[in-house]
Amino acid sequence: MSDMPPKLAEIVDEFASAPRDVVLEMLLEFSDAVPALPADLVGHEGMEQVPECQTQFFLKAIVQPDDTVVTHFDCPPEAPTTRAFAGILAEGLAGASTAQVLAVPDDLYARMGLSQAISPLRVRGGTAVLARLKRQVAEQTAAHD
């Protein structure tokens, strides 16, 4: 848990300790935390689609020369739950190093207590988003070595 980016660990703790009945509300607030795509990604050029998500979801991780990771996500506003996963990752991974991103536990959303708040299908979509993001970072890291 400690290797996770501090900001993400903080978000996970907030969710994990929140009363069950407010978890969904908290989650949906993150759907507003997704930054707009930069102009060169607006057509999803070079982004990866996540087919496990019920809605169109695109992501791209870019490893910077200083070993930090920049993430880009796109998910329609009419899919607030799925978009919230993007918001959590966008906020939680901001400024994170490649090692920190790769250290994010695969069962992140279960640790947040989301399995009780949303459908298994949605949890699976969010888990797939995280897995693909980590894979992109791992591939770029390997290419730099």
# chains A, B, ... in the order shown; residues from 1 in each chain; ligands from 1
$ residues_around --residues "range 117-126 of chain A" --least-positions-apart "5" --cutoff "9 Å" --atoms "only C-alpha atoms" --output "PDB file with C-alpha atoms, in the first residue's frame"
ATOM      1  CA  ARG A  20     -21.243   2.857   2.619  1.00  0.00           C
ATOM      2  CA  ASP A  21     -24.180   5.131   1.813  1.00  0.00           C
ATOM      3  CA  VAL A  23     -19.458   6.060  -1.304  1.00  0.00           C
ATOM      4  CA  LEU A  24     -21.396   6.366  -4.548  1.00  0.00           C
ATOM      5  CA  VAL A  50     -10.798  -0.269 -23.061  1.00  0.00           C
ATOM      6  CA  PRO A  51     -13.341  -2.789 -24.386  1.00  0.00           C
ATOM      7  CA  GLU A  52     -14.144  -4.062 -20.874  1.00  0.00           C
ATOM      8  CA  CYS A  53     -15.930  -0.780 -20.180  1.00  0.00           C
ATOM      9  CA  GLN A  54     -19.579  -0.661 -21.183  1.00  0.00           C
ATOM     10  CA  THR A  81     -19.360   5.929 -12.750  1.00  0.00           C
ATOM     11  CA  THR A  82     -16.819   4.859 -15.337  1.00  0.00           C
ATOM     12  CA  PHE A  85     -12.498   5.897 -12.307  1.00  0.00           C
ATOM     13  CA  ALA A  86     -10.672   8.156 -14.745  1.00  0.00           C
ATOM     14  CA  TYR A 109     -11.417  -0.506  -6.373  1.00  0.00           C
ATOM     15  CA  ALA A 110     -12.149  -3.379  -4.000  1.00  0.00           C
ATOM     16  CA  ALA A 131      -4.416  -2.752 -15.843  1.00  0.00           C
TER      17      ALA A 131
END
$ atom_distance --atom1 "CA of Pro5 in chain A" --atom2 "CA of Pro76 in chain A"
26.2 Å
$ select_by_dssp --residues "range 26-96 of chain A" --states "alpha helix (DSSP H)" --output "PyMOL selection string"
chain A and resi 26-29+80-92
$ write_last_selection --atoms "N, CA, C and O atoms" --output "compact mmCIF listing (two decimals), in the first residue's frame"
# COMPACT_ATOMS: atom_id res chain seq x y z
N MET A 26 -19.52 10.12 -3.33
CA MET A 26 -18.10 10.50 -3.39
C MET A 26 -17.51 10.12 -4.74
O MET A 26 -16.76 10.87 -5.35
N LEU A 27 -17.87 8.91 -5.19
CA LEU A 27 -17.34 8.42 -6.46
C LEU A 27 -17.75 9.35 -7.60
O LEU A 27 -16.92 9.75 -8.42
N LEU A 28 -19.02 9.71 -7.63
CA LEU A 28 -19.53 10.51 -8.74
C LEU A 28 -18.90 11.90 -8.79
O LEU A 28 -18.79 12.49 -9.85
N GLU A 29 -18.46 12.39 -7.63
CA GLU A 29 -17.79 13.70 -7.63
C GLU A 29 -16.52 13.66 -8.47
O GLU A 29 -16.11 14.66 -9.05
N PRO A 80 -21.13 8.41 -15.78
CA PRO A 80 -20.44 9.04 -14.66
C PRO A 80 -19.63 8.09 -13.79
O PRO A 80 -18.57 8.45 -13.30
N THR A 81 -20.11 6.86 -13.61
CA THR A 81 -19.36 5.93 -12.75
C THR A 81 -18.02 5.58 -13.37
O THR A 81 -16.97 5.65 -12.73
N THR A 82 -18.05 5.23 -14.65
CA THR A 82 -16.82 4.86 -15.34
C THR A 82 -15.89 6.07 -15.45
O THR A 82 -14.68 5.97 -15.27
N ARG A 83 -16.49 7.21 -15.72
CA ARG A 83 -15.70 8.45 -15.80
C ARG A 83 -15.04 8.76 -14.46
O ARG A 83 -13.94 9.31 -14.42
N ALA A 84 -15.72 8.39 -13.38
CA ALA A 84 -15.16 8.63 -12.05
C ALA A 84 -13.86 7.86 -11.83
O ALA A 84 -12.94 8.35 -11.17
N PHE A 85 -13.76 6.65 -12.41
CA PHE A 85 -12.50 5.90 -12.31
C PHE A 85 -11.37 6.72 -12.92
O PHE A 85 -10.27 6.78 -12.40
N ALA A 86 -11.67 7.32 -14.07
CA ALA A 86 -10.67 8.16 -14.75
C ALA A 86 -10.29 9.34 -13.86
O ALA A 86 -9.13 9.70 -13.76
N GLY A 87 -11.30 9.93 -13.22
CA GLY A 87 -11.04 11.07 -12.34
C GLY A 87 -10.16 10.70 -11.16
O GLY A 87 -9.25 11.44 -10.79
N ILE A 88 -10.43 9.53 -10.59
CA ILE A 88 -9.63 9.07 -9.45
C ILE A 88 -8.18 8.84 -9.88
O ILE A 88 -7.24 9.26 -9.20
N LEU A 89 -8.01 8.19 -11.03
CA LEU A 89 -6.65 7.92 -11.50
C LEU A 89 -5.96 9.22 -11.92
O LEU A 89 -4.78 9.42 -11.65
N ALA A 90 -6.69 10.11 -12.60
CA ALA A 90 -6.10 11.37 -13.05
C ALA A 90 -5.58 12.16 -11.85
O ALA A 90 -4.46 12.68 -11.85
N GLU A 91 -6.40 12.22 -10.80
CA GLU A 91 -6.02 12.99 -9.61
C GLU A 91 -4.99 12.23 -8.78
O GLU A 91 -4.00 12.79 -8.33
N GLY A 92 -5.24 10.94 -8.59
CA GLY A 92 -4.38 10.15 -7.71
C GLY A 92 -2.99 9.90 -8.26
O GLY A 92 -2.04 9.72 -7.51
$ atom_distance --atom1 "CA of Leu114 in chain A" --atom2 "CA of Val101 in chain A"
20.1 Å
$ closest_residue --among "A:Gln56, A:Gly113, A:Asp3, A:Gln136" --to "Ala96 in chain A" --atoms "only C-alpha atoms"
A:Asp3
$ residues_around --residues "Leu133 in chain A" --least-positions-apart "6" --cutoff "8 Å" --atoms "only C-alpha atoms" --output "NGL selection string"
:A and (59-61)
$ select_by_dssp --residues "chain A" --states "strand (DSSP E)" --output "ChimeraX atom specification"
/A:48-49,58-63,69-74
$ closest_residue --among "A:Leu37, A:His144, A:Leu108, A:Ser115" --to "Thr127 in chain A" --atoms "only C-alpha atoms"
A:Leu108
$ atom_distance --atom1 "CA of Ala142 in chain A" --atom2 "CA of Val42 in chain A"
27.2 Å
